[in-house]
Amino acid sequence: MIAQSLRQVAARATIGVVAFLVVVPVLWTLLSAFKHTVDIETSPPLLLFKPTLENFLYVVERASVRGALLNSIIISSSSVLIGAVLGLPCAYAVARYPTRHAADIQFFVLSLRFLPPIAVALPLMVIWLDAGLYDTRIAMIVTYTLFTLSITIWLAIPAFKRVPREIEEAAFVDGYGAYAIFFLVALPVAAKSLIGAIVFSFVLVWNEFLIALMLTTSDAKTLPIVASELSQLGFDVPWGILNASVIVLALPPLMFLGVLSGFLNSFVKRKV
Amino acid sequence: MTAGGAEAFPLRWVSCASVRAGILLGNSFGLKAVAVKTGTRLPIVFVIPSMVVLGVLALVPTIDAVNIALQNRELSNPESHYVWLANFISLFGDRRFLNAMWVSLEWEIITVSATMIVAVPLAVLLFEAITPRARNALCVLFIVPVLLPRVSAAYVWKFAFHPLYGLAAYPLKIIFGRPVDLLSDPHTAMATVAIVDVWQWALLFSVIIVKLFETLPRQPLEAARLDNARTWEVYLFVAIPMLRAPLISLIFVKMVESLRAFDLIYVMTRGGPGVATETLDMYAYSQGFIESGRISYASSMAVLMMVATSIAFTVIWKCAR
Amino acid sequence: MKNMSRGASSAVAAVCLMSSALMVPALAADVCASDVRVLAQPRDGLTLLEKYKDEFKALSGASFNIDYLNENDRRAKSRADASIIGKYNVYYIDEANVALFASSKWVVPLLEYYPKEYDYSDFDPGRQKVATFGGAVYFAPLTGGTDLMVYRKDLLEKAGIQPPKTLDDFIVDVKKLNDPDHGVYGIALRGQRGSGANVWRWMPYFRGFGGQWFDGNKPVFNSDAFIKATQTYLELFKYSPPGTKTGSWDESTGAFLAGHVALLVESSPLAGEALDPKVSKVVGKVGYTAPPSPLTGGGYAHGLAIGTKGNKDDAAKKCAGLFIAWATSKENEKRRLDEGMFGELNRTSIMTSDEFNQKFGADLGQALVDAAKVTAINFWQDPEWPALGDHWGIELEELITGTRTDIKGSADELETFAKTLVAKRAN
């Protein structure tokens, strides 16, 4: 019994350390965002200093930040949504209706991501330029759909495979058609695993930089590009502004994911 | 496609061709046969749209990238002609390229294994020792690192390792009595950057894996416990094998993502010291856009990387199944 | 404007144009038909400029929009845009890119479109020289400078040393003042690989010892000057603070401003930063003078240039030229002077004005004048310079961090590389 609770304590302590390692850099960043550069570049690191709001004001006041935030939200959510709408059914079909080549389809989907972005940046630039859609959100959404679709299918196939056959067979006996089984049975049951896939694809496109740099100028600029803008001022790295930008730019996706996961959790609770 | 973009991209032709290719692909994958066998058209309806979209979006730029790799285009020169395999051949005589391949391989191995080694035990601990409510709060916390803008997070960590002012370097300074510069030592530079990568991804993975644990049926685990298996044995021999397929998928995803870590490494070390952390995608990027405008050379590197990755991953995939 | 459809926004622009034309008949036709798009690096001077959009609108009939990116991303994006996309009218370019952009015809010679009344000849001659390629001027400077020797007056006084005038004295003083146990290092150098990073700091030694990069198309840098410069640089690096081995401007000037360095030779904007209490801990303790001989000062400049692809016709180029002229005009520089932006001043008239001397001190002005006498263009003014410089930067970083030790071998390797660069050109 003592060994049991000792193990519990050890386990909790480990989690505590990990949580500490997550929290401390973020908290330190938050703290440094209130400092002038002169207080950041000191040794030993300072806890007491004269705070300033300048850095935050600089970040928030920049028009490019607001525009980029909106773009990122629209582009990321749209491509994740399209990826889910097209990808989840596809993954289900591959998982539940196996053909000889089911594994090959699965691998084919992943293999589309093997080509480094640098190589596709130039062709994509020319394609969108010729289509007259350079520097538009549509172009970015369509381009990012490749990533989200690929990841969603790849991660959703194992999730659907793990839905117990008995449940589906029972529904079939109850008279549900193939499509009904997908929407009303398989999807809710696999929902928890699917959340991982959706979150992953969101994270992937939210922080994507190279393609965004090459395919946008100012109208469809996304957040990572603005982050680049805030990482230099004159010749220096403006440490105060940089730290403030990390905090400000990280809040929206966090809130978005918080809302999304709350939403999905309640959806799951209702259905199962 | 010339640098001037004079030719209009044959969008309609390509789309029609891709739809046809998608259907052909679908048929060759046996979808029609399955549809006939099970009596519903669901496989076709669900799969074909995705295949078409993927076909158009992925194959078209890929073919164009290969096309560029076979030429000798440079950004500063609108004229170019086909040199076929000349770029690929000169790659193998390029010291920096060979170094970059090696560095990329090192980086892959280090980050993928470190991520899984940290993520899985962490997920086990989260599942075992924490109440579900606290667990949800911690899950949200653990996603924060991967949501930070990559460039900015890289700068923040680079500063944290600054030998004079950095918070992470400060304990080292106390232990060793003098400032320790981890990022300028070729032996420790890569490990230091890898720490940041693991900080971001391993925590995200642990959240995903915990959610997977939550979907496991209780009986097998309880049965194992009743058989007097110790906790770690329960997980190692029962829970994780049950999650084999999703875990393998995650590993593959991380393997692909590690190939794209260039912006993290670039900010923290620029590929240095020297070329100790210069990965293939970074070398390709600097050849294409920073040092010179040799996009054909960069493209050939990328194509080679794609081929190598495909072969390696196919082999691993076949073994893992 | 962003959320309107293109049709609606051009209708609005047309109405604006017509109304402004009606209101100011004396201004004849507006110079600018649409907003000027600028790609630049974040600078305080440009942020200040954005406050005066109305003034530019009244002047030209259109507004402007600046997109900012940090240096590396800006370089990559401007190359991609100049060669393929052509969305930007005005590019921010730096001295290392002028040769490439000019010879690839990505930018047009500036003076043709720079209205005379804005007085281009008022710019500091060193910067004009950097902006010139093949006899034509390509950009108007936003920032620039040369090298200054910046030192801690208090530390030198305490050790009873006069600011060194020659390199030999300089090395002796660096060693004497080096005191790591008390957190003071003799010098700060740049170690990070890059033609504008470690190579930039190393070049004054190379050129000071008589080295040359090229003679026509023949690389002639593999010489004693090269070896000696590298040996000196590596020797001095022993006295440079931690973090600089793989660091650049930010690390070495940061160390000085935090009070950890006694002497250093760096680009002139450091002087302005040393006077700013928000970034500097050594305000009031800093002295300036020209770099010790025989070091040459690295002349550099960044500025705005007219893009070829983005400006399809002459009218568009005139508009871009007007924007550049206005952005670098005497009035706007005066505003930057009023704000104390030392690193953003380029005009001789501004830099020799009384207000300048009042704000920054007469000894700084004198040091700049002295430094200007030894300023040279240290790098190879050629489109292939970034490739060559970056290659040497990698080898130099390896030498600094100890991954390689053979200086002569590195020089030979660089020469081979240079030959391949030139051979490609002949094709």
# chains A, B, ... in the order shown; residues from 1 in each chain; ligands from 1

call {"tool": "interface_residues", "arguments": {"of": "chain A", "to": "chain C", "cutoff": "9 Å", "atoms": "only C-alpha atoms", "output": "number ranges by chain"}}
result
A: 36-39, 41-43, 64, 67, 122, 125-126, 129, 134, 213-214, 217-219, 225-237

call {"tool": "write_last_selection", "arguments": {"atoms": "C-alpha atoms", "output": "PDB file, in the first residue's frame"}}
result
ATOM      1  CA  HIS A  36      12.829  46.951 -21.602  1.00  0.00           C
ATOM      2  CA  THR A  37      15.625  45.313 -23.553  1.00  0.00           C
ATOM      3  CA  VAL A  38      18.154  46.576 -21.054  1.00  0.00           C
ATOM      4  CA  ASP A  39      16.503  44.476 -18.364  1.00  0.00           C
ATOM      5  CA  GLU A  41      19.980  41.236 -21.523  1.00  0.00           C
ATOM      6  CA  THR A  42      21.343  41.025 -18.026  1.00  0.00           C
ATOM      7  CA  SER A  43      23.030  38.400 -16.017  1.00  0.00           C
ATOM      8  CA  SER A  64      -0.643  43.709 -39.874  1.00  0.00           C
ATOM      9  CA  GLY A  67      -5.184  41.309 -40.460  1.00  0.00           C
ATOM     10  CA  LEU A 122       7.952  27.745 -56.818  1.00  0.00           C
ATOM     11  CA  MET A 125       3.659  30.405 -56.924  1.00  0.00           C
ATOM     12  CA  VAL A 126       3.422  30.131 -60.669  1.00  0.00           C
ATOM     13  CA  LEU A 129      -0.192  33.593 -60.266  1.00  0.00           C
ATOM     14  CA  TYR A 134      -2.054  34.906 -55.926  1.00  0.00           C
ATOM     15  CA  LEU A 213       5.724  33.347 -47.183  1.00  0.00           C
ATOM     16  CA  MET A 214       5.899  32.507 -50.848  1.00  0.00           C
ATOM     17  CA  THR A 217       2.152  39.458 -50.022  1.00  0.00           C
ATOM     18  CA  SER A 218      -0.194  41.453 -47.841  1.00  0.00           C
ATOM     19  CA  ASP A 219      -3.821  40.439 -48.271  1.00  0.00           C
ATOM     20  CA  ILE A 225       4.753  35.824 -41.224  1.00  0.00           C
ATOM     21  CA  VAL A 226       3.848  38.568 -38.803  1.00  0.00           C
ATOM     22  CA  ALA A 227       5.863  36.708 -36.196  1.00  0.00           C
ATOM     23  CA  SER A 228       8.828  37.031 -38.530  1.00  0.00           C
ATOM     24  CA  GLU A 229       8.147  40.725 -38.842  1.00  0.00           C
ATOM     25  CA  LEU A 230       8.238  41.128 -35.090  1.00  0.00           C
ATOM     26  CA  SER A 231      11.528  39.325 -34.684  1.00  0.00           C
ATOM     27  CA  GLN A 232      13.670  42.163 -35.971  1.00  0.00           C
ATOM     28  CA  LEU A 233      13.791  45.917 -35.563  1.00  0.00           C
ATOM     29  CA  GLY A 234      16.586  47.802 -37.249  1.00  0.00           C
ATOM     30  CA  PHE A 235      19.529  45.482 -36.801  1.00  0.00           C
ATOM     31  CA  ASP A 236      18.545  43.965 -33.501  1.00  0.00           C
ATOM     32  CA  VAL A 237      16.230  41.328 -32.250  1.00  0.00           C
TER      33      VAL A 237
END

call {"tool": "residues_around", "arguments": {"residues": "Ser150 (chain A)", "least_positions_apart": "5", "cutoff": "9 Å", "atoms": "only C-alpha atoms", "output": "PDB file with C-alpha atoms, in the first residue's frame"}}
result
ATOM      1  CA  GLY A  83      -9.887  18.224 -44.707  1.00  0.00           C
ATOM      2  CA  GLY A  87     -11.000  13.046 -45.226  1.00  0.00           C
ATOM      3  CA  VAL A 109      -1.813   9.512 -48.755  1.00  0.00           C
ATOM      4  CA  LEU A 110       1.142  10.000 -46.451  1.00  0.00           C
ATOM      5  CA  SER A 111       3.658   9.915 -49.282  1.00  0.00           C
ATOM      6  CA  LEU A 112       2.169  13.076 -50.713  1.00  0.00           C
ATOM      7  CA  ARG A 113       3.829  14.897 -47.835  1.00  0.00           C
ATOM      8  CA  THR A 145      -6.178  21.430 -47.756  1.00  0.00           C
ATOM      9  CA  LEU A 155      -4.539   9.481 -38.632  1.00  0.00           C
ATOM     10  CA  SER A 201      -3.970  19.094 -38.711  1.00  0.00           C
TER      11      SER A 201
ATOM     12  CA  LEU B  54      -5.221  14.998 -53.447  1.00  0.00           C
TER      13      LEU B  54
END

call {"tool": "closest_residue", "arguments": {"among": "B:Phe213, B:Leu264, B:Ala58, B:Lys173", "to": "Tyr155 (chain B)", "atoms": "only C-alpha atoms"}}
result
B:Leu264

call {"tool": "closest_residue", "arguments": {"among": "C:Ala99, C:Ala301, C:Ala367, C:Leu177", "to": "chain B", "atoms": "only C-alpha atoms"}}
result
C:Ala99

call {"tool": "atom_distance", "arguments": {"atom1": "CA of Ala119 (chain B)", "atom2": "CA of Ala202 (chain B)"}}
result
4.9 Å

call {"tool": "residues_around", "arguments": {"residues": "region 302-318 of chain C", "least_positions_apart": "3", "cutoff": "6 Å", "atoms": "only C-alpha atoms", "output": "ChimeraX atom specification"}}
result
/C:86-94,106-108,113,139-143,321

call {"tool": "write_last_selection", "arguments": {"atoms": "N, CA and C atoms", "output": "PDB file, in the first residue's frame"}}
result
ATOM      1  N   GLY C  86       6.340  39.873 -58.886  1.00  0.00           N
ATOM      2  CA  GLY C  86       6.182  41.248 -59.302  1.00  0.00           C
ATOM      3  C   GLY C  86       5.013  41.982 -58.671  1.00  0.00           C
ATOM      4  N   LYS C  87       4.787  41.765 -57.352  1.00  0.00           N
ATOM      5  CA  LYS C  87       3.696  42.474 -56.696  1.00  0.00           C
ATOM      6  C   LYS C  87       4.153  43.777 -56.055  1.00  0.00           C
ATOM      7  N   TYR C  88       5.419  43.854 -55.706  1.00  0.00           N
ATOM      8  CA  TYR C  88       5.887  45.024 -54.973  1.00  0.00           C
ATOM      9  C   TYR C  88       6.431  46.080 -55.918  1.00  0.00           C
ATOM     10  N   ASN C  89       6.152  47.338 -55.591  1.00  0.00           N
ATOM     11  CA  ASN C  89       6.687  48.434 -56.393  1.00  0.00           C
ATOM     12  C   ASN C  89       8.074  48.855 -55.935  1.00  0.00           C
ATOM     13  N   VAL C  90       8.268  48.771 -54.606  1.00  0.00           N
ATOM     14  CA  VAL C  90       9.514  49.257 -54.026  1.00  0.00           C
ATOM     15  C   VAL C  90      10.110  48.162 -53.162  1.00  0.00           C
ATOM     16  N   TYR C  91      11.406  47.935 -53.326  1.00  0.00           N
ATOM     17  CA  TYR C  91      12.090  46.943 -52.506  1.00  0.00           C
ATOM     18  C   TYR C  91      13.092  47.616 -51.578  1.00  0.00           C
ATOM     19  N   TYR C  92      13.193  47.059 -50.393  1.00  0.00           N
ATOM     20  CA  TYR C  92      14.270  47.419 -49.474  1.00  0.00           C
ATOM     21  C   TYR C  92      15.433  46.511 -49.859  1.00  0.00           C
ATOM     22  N   ILE C  93      16.550  47.101 -50.270  1.00  0.00           N
ATOM     23  CA  ILE C  93      17.688  46.228 -50.573  1.00  0.00           C
ATOM     24  C   ILE C  93      18.900  46.663 -49.769  1.00  0.00           C
ATOM     25  N   ASP C  94      19.794  45.718 -49.575  1.00  0.00           N
ATOM     26  CA  ASP C  94      21.009  46.011 -48.819  1.00  0.00           C
ATOM     27  C   ASP C  94      22.220  45.891 -49.721  1.00  0.00           C
ATOM     28  N   TRP C 106      16.428  43.443 -61.899  1.00  0.00           N
ATOM     29  CA  TRP C 106      15.262  43.373 -61.040  1.00  0.00           C
ATOM     30  C   TRP C 106      14.887  44.744 -60.503  1.00  0.00           C
ATOM     31  N   VAL C 107      15.867  45.674 -60.512  1.00  0.00           N
ATOM     32  CA  VAL C 107      15.572  47.050 -60.113  1.00  0.00           C
ATOM     33  C   VAL C 107      16.082  47.993 -61.190  1.00  0.00           C
ATOM     34  N   VAL C 108      15.461  49.163 -61.260  1.00  0.00           N
ATOM     35  CA  VAL C 108      15.861  50.132 -62.286  1.00  0.00           C
ATOM     36  C   VAL C 108      16.741  51.200 -61.650  1.00  0.00           C
ATOM     37  N   TYR C 113      14.133  58.639 -61.931  1.00  0.00           N
ATOM     38  CA  TYR C 113      12.797  58.817 -61.389  1.00  0.00           C
ATOM     39  C   TYR C 113      12.807  59.523 -60.041  1.00  0.00           C
ATOM     40  N   PHE C 139      19.643  52.768 -55.301  1.00  0.00           N
ATOM     41  CA  PHE C 139      18.705  52.972 -54.197  1.00  0.00           C
ATOM     42  C   PHE C 139      19.018  54.254 -53.444  1.00  0.00           C
ATOM     43  N   ALA C 140      18.023  54.708 -52.683  1.00  0.00           N
ATOM     44  CA  ALA C 140      18.210  55.857 -51.807  1.00  0.00           C
ATOM     45  C   ALA C 140      18.290  55.330 -50.381  1.00  0.00           C
ATOM     46  N   PRO C 141      19.303  55.752 -49.621  1.00  0.00           N
ATOM     47  CA  PRO C 141      19.561  55.101 -48.331  1.00  0.00           C
ATOM     48  C   PRO C 141      18.525  55.402 -47.244  1.00  0.00           C
ATOM     49  N   LEU C 142      18.203  54.376 -46.482  1.00  0.00           N
ATOM     50  CA  LEU C 142      17.404  54.527 -45.265  1.00  0.00           C
ATOM     51  C   LEU C 142      18.291  54.412 -44.045  1.00  0.00           C
ATOM     52  N   THR C 143      19.347  53.676 -44.189  1.00  0.00           N
ATOM     53  CA  THR C 143      20.283  53.502 -43.081  1.00  0.00           C
ATOM     54  C   THR C 143      21.627  53.166 -43.688  1.00  0.00           C
ATOM     55  N   GLY C 321       9.386  56.190 -57.672  1.00  0.00           N
ATOM     56  CA  GLY C 321      10.498  57.098 -57.428  1.00  0.00           C
ATOM     57  C   GLY C 321      10.104  58.237 -56.502  1.00  0.00           C
TER      58      GLY C 321
END

call {"tool": "residues_around", "arguments": {"residues": "region 87-95 of chain B", "least_positions_apart": "5", "cutoff": "9 Å", "atoms": "only C-alpha atoms", "output": "list in words"}}
result
Ala69, Leu70, Gln71, Asn72, Ala100, Ser296, Tyr297, Ser300, Met301 and Leu304 of chain B

call {"tool": "atom_distance", "arguments": {"atom1": "CA of Met140 (chain A)", "atom2": "CA of Trp206 (chain A)"}}
result
11.6 Å

call {"tool": "closest_atom_pairs", "arguments": {"of": "chain B", "to": "chain C", "cutoff": "8 Å", "atoms": "only C-alpha atoms", "output": "Markdown table"}}
result
| residue | atom | partner | partner_atom | distance |
| --- | --- | --- | --- | --- |
| B:Ala3 | CA | C:Ile84 | CA | 5.6 |
| B:Gly4 | CA | C:Ile84 | CA | 5.9 |
| B:Gly5 | CA | C:Ile84 | CA | 7.1 |
| B:Leu75 | CA | C:Ser83 | CA | 5.9 |
| B:Ser76 | CA | C:Ser104 | CA | 5.2 |
| B:Asn77 | CA | C:Ser104 | CA | 6.9 |
| B:His162 | CA | C:Gly243 | CA | 6.1 |
| B:Pro163 | CA | C:Gly243 | CA | 5.8 |
| B:Leu164 | CA | C:Pro242 | CA | 6.8 |
| B:Pro179 | CA | C:Pro242 | CA | 6.7 |
| B:Val180 | CA | C:Pro242 | CA | 7.5 |
| B:Asp181 | CA | C:Gly243 | CA | 6.1 |
| B:Leu183 | CA | C:Thr246 | CA | 7.4 |
| B:Ser184 | CA | C:Thr246 | CA | 5.6 |
| B:Asp185 | CA | C:Thr401 | CA | 6.8 |
| B:Pro186 | CA | C:Thr403 | CA | 7.3 |
| B:Thr269 | CA | C:Thr246 | CA | 7.3 |
| B:Arg270 | CA | C:Arg193 | CA | 7.6 |
| B:Gly272 | CA | C:Arg193 | CA | 7.3 |
| B:Pro273 | CA | C:Glu397 | CA | 6.2 |
| B:Gly274 | CA | C:Glu398 | CA | 4.6 |
| B:Val275 | CA | C:Ile394 | CA | 6.9 |
| B:Phe289 | CA | C:Ala76 | CA | 4.8 |
| B:Ile290 | CA | C:Ala76 | CA | 5.5 |
| B:Glu291 | CA | C:Ala387 | CA | 4.8 |
| B:Ser292 | CA | C:Ala387 | CA | 5.8 |
| B:Gly293 | CA | C:Arg79 | CA | 7.7 |

call {"tool": "write_last_selection", "arguments": {"atoms": "N, CA and C atoms", "output": "mmCIF file, in the first residue's frame"}}
result
data_model
loop_
_atom_site.group_PDB
_atom_site.id
_atom_site.type_symbol
_atom_site.label_atom_id
_atom_site.label_comp_id
_atom_site.auth_asym_id
_atom_site.auth_seq_id
_atom_site.Cartn_x
_atom_site.Cartn_y
_atom_site.Cartn_z
ATOM 1 N N ALA B 3 10.131 31.777 -66.092
ATOM 2 C CA ALA B 3 10.188 32.623 -64.899
ATOM 3 C C ALA B 3 9.238 33.800 -65.049
ATOM 4 N N GLY B 4 8.986 34.187 -66.267
ATOM 5 C CA GLY B 4 8.080 35.315 -66.458
ATOM 6 C C GLY B 4 6.633 34.893 -66.329
ATOM 7 N N GLY B 5 6.377 33.578 -66.219
ATOM 8 C CA GLY B 5 5.001 33.110 -66.076
ATOM 9 C C GLY B 5 4.180 33.402 -67.304
ATOM 10 N N LEU B 75 17.048 32.031 -60.414
ATOM 11 C CA LEU B 75 16.077 33.117 -60.303
ATOM 12 C C LEU B 75 16.503 34.332 -61.113
ATOM 13 N N SER B 76 17.827 34.565 -61.187
ATOM 14 C CA SER B 76 18.277 35.798 -61.825
ATOM 15 C C SER B 76 18.291 35.703 -63.333
ATOM 16 N N ASN B 77 18.067 34.495 -63.854
ATOM 17 C CA ASN B 77 18.211 34.320 -65.295
ATOM 18 C C ASN B 77 16.921 33.763 -65.875
ATOM 19 N N HIS B 162 21.225 31.365 -24.081
ATOM 20 C CA HIS B 162 22.328 32.309 -24.175
ATOM 21 C C HIS B 162 23.218 32.157 -22.951
ATOM 22 N N PRO B 163 24.523 31.960 -23.188
ATOM 23 C CA PRO B 163 25.396 31.659 -22.051
ATOM 24 C C PRO B 163 25.433 32.741 -20.984
ATOM 25 N N LEU B 164 25.195 34.004 -21.371
ATOM 26 C CA LEU B 164 25.291 35.055 -20.365
ATOM 27 C C LEU B 164 23.950 35.386 -19.712
ATOM 28 N N PRO B 179 30.287 30.504 -17.938
ATOM 29 C CA PRO B 179 29.188 30.429 -18.906
ATOM 30 C C PRO B 179 29.394 29.277 -19.882
ATOM 31 N N VAL B 180 28.325 28.551 -20.142
ATOM 32 C CA VAL B 180 28.403 27.404 -21.047
ATOM 33 C C VAL B 180 27.613 27.724 -22.300
ATOM 34 N N ASP B 181 28.254 27.625 -23.457
ATOM 35 C CA ASP B 181 27.593 27.960 -24.715
ATOM 36 C C ASP B 181 27.233 26.677 -25.447
ATOM 37 N N LEU B 183 25.063 26.131 -27.819
ATOM 38 C CA LEU B 183 24.745 26.181 -29.235
ATOM 39 C C LEU B 183 25.979 26.356 -30.116
ATOM 40 N N SER B 184 27.127 26.630 -29.526
ATOM 41 C CA SER B 184 28.287 26.813 -30.382
ATOM 42 C C SER B 184 29.217 25.614 -30.346
ATOM 43 N N ASP B 185 28.825 24.600 -29.610
ATOM 44 C CA ASP B 185 29.638 23.389 -29.587
ATOM 45 C C ASP B 185 29.006 22.385 -30.544
ATOM 46 N N PRO B 186 29.749 21.946 -31.554
ATOM 47 C CA PRO B 186 29.140 21.056 -32.542
ATOM 48 C C PRO B 186 28.547 19.790 -31.933
ATOM 49 N N THR B 269 20.390 28.185 -34.817
ATOM 50 C CA THR B 269 21.816 28.045 -35.109
ATOM 51 C C THR B 269 22.210 28.470 -36.520
ATOM 52 N N ARG B 270 21.232 28.802 -37.379
ATOM 53 C CA ARG B 270 21.523 29.084 -38.788
ATOM 54 C C ARG B 270 22.146 27.901 -39.499
ATOM 55 N N GLY B 272 24.547 26.216 -38.030
ATOM 56 C CA GLY B 272 25.881 26.082 -37.473
ATOM 57 C C GLY B 272 25.910 25.256 -36.205
ATOM 58 N N PRO B 273 27.025 25.209 -35.498
ATOM 59 C CA PRO B 273 28.277 25.817 -35.883
ATOM 60 C C PRO B 273 28.870 25.187 -37.133
ATOM 61 N N GLY B 274 29.248 26.030 -38.084
ATOM 62 C CA GLY B 274 29.700 25.488 -39.356
ATOM 63 C C GLY B 274 28.506 24.916 -40.078
ATOM 64 N N VAL B 275 28.496 23.613 -40.282
ATOM 65 C CA VAL B 275 27.336 22.961 -40.895
ATOM 66 C C VAL B 275 26.847 21.831 -40.007
ATOM 67 N N PHE B 289 17.000 30.365 -52.227
ATOM 68 C CA PHE B 289 16.504 31.714 -52.015
ATOM 69 C C PHE B 289 17.426 32.645 -51.252
ATOM 70 N N ILE B 290 18.387 32.124 -50.531
ATOM 71 C CA ILE B 290 19.180 33.035 -49.687
ATOM 72 C C ILE B 290 20.545 33.303 -50.286
ATOM 73 N N GLU B 291 21.333 32.242 -50.459
ATOM 74 C CA GLU B 291 22.704 32.468 -50.902
ATOM 75 C C GLU B 291 22.755 32.769 -52.390
ATOM 76 N N SER B 292 22.032 31.986 -53.142
ATOM 77 C CA SER B 292 22.005 32.231 -54.585
ATOM 78 C C SER B 292 20.612 31.848 -55.037
ATOM 79 N N GLY B 293 20.297 32.075 -56.278
ATOM 80 C CA GLY B 293 18.936 31.758 -56.687
ATOM 81 C C GLY B 293 18.864 30.468 -57.460
#

call {"tool": "closest_residue", "arguments": {"among": "B:Pro171, B:Pro220, B:Gly271, B:Pro246", "to": "chain A", "atoms": "only C-alpha atoms"}}
result
B:Pro246

call {"tool": "residues_around", "arguments": {"residues": "region 9-15 of chain A", "least_positions_apart": "5", "cutoff": "9 Å", "atoms": "only C-alpha atoms", "output": "MDAnalysis selection string"}}
result
(chainID A and resid 4 20) or (chainID B and resid 122 125:126 128:130)

call {"tool": "atom_distance", "arguments": {"atom1": "CA of Leu70 (chain A)", "atom2": "CA of Phe263 (chain A)"}}
result
21.1 Å

call {"tool": "residues_around", "arguments": {"residues": "Trp107 (chain B)", "least_positions_apart": "3", "cutoff": "9 Å", "atoms": "only C-alpha atoms", "output": "number ranges by chain"}}
result
B: 102-104, 110-112, 190-191, 194, 258-259, 277, 279

call {"tool": "residues_around", "arguments": {"residues": "Gly216 (chain C)", "least_positions_apart": "4", "cutoff": "12 Å", "atoms": "only C-alpha atoms", "output": "list in words"}}
result
Gln212, Val220, Trp380, Gln381, Asp382 and Val422 of chain C

call {"tool": "closest_residue", "arguments": {"among": "B:Leu212, B:Ala137, B:Ala169, B:Ile265", "to": "chain A", "atoms": "only C-alpha atoms"}}
result
B:Leu212

call {"tool": "select_by_dssp", "arguments": {"residues": "region 51-291 of chain B", "states": "alpha helix (DSSP H)", "output": "VMD selection string"}}
result
chain B and resid 51 to 54 60 to 69 86 to 91 95 to 129 132 to 147 150 to 160 169 to 176 186 to 214 218 to 226 231 to 234 240 to 242 244 to 258 262 to 269 280 to 285

call {"tool": "select_by_dssp", "arguments": {"residues": "region 16-237 of chain B", "states": "strand (DSSP E or B)", "output": "PyMOL selection string"}}
result
chain B and resi 71+74+77+82
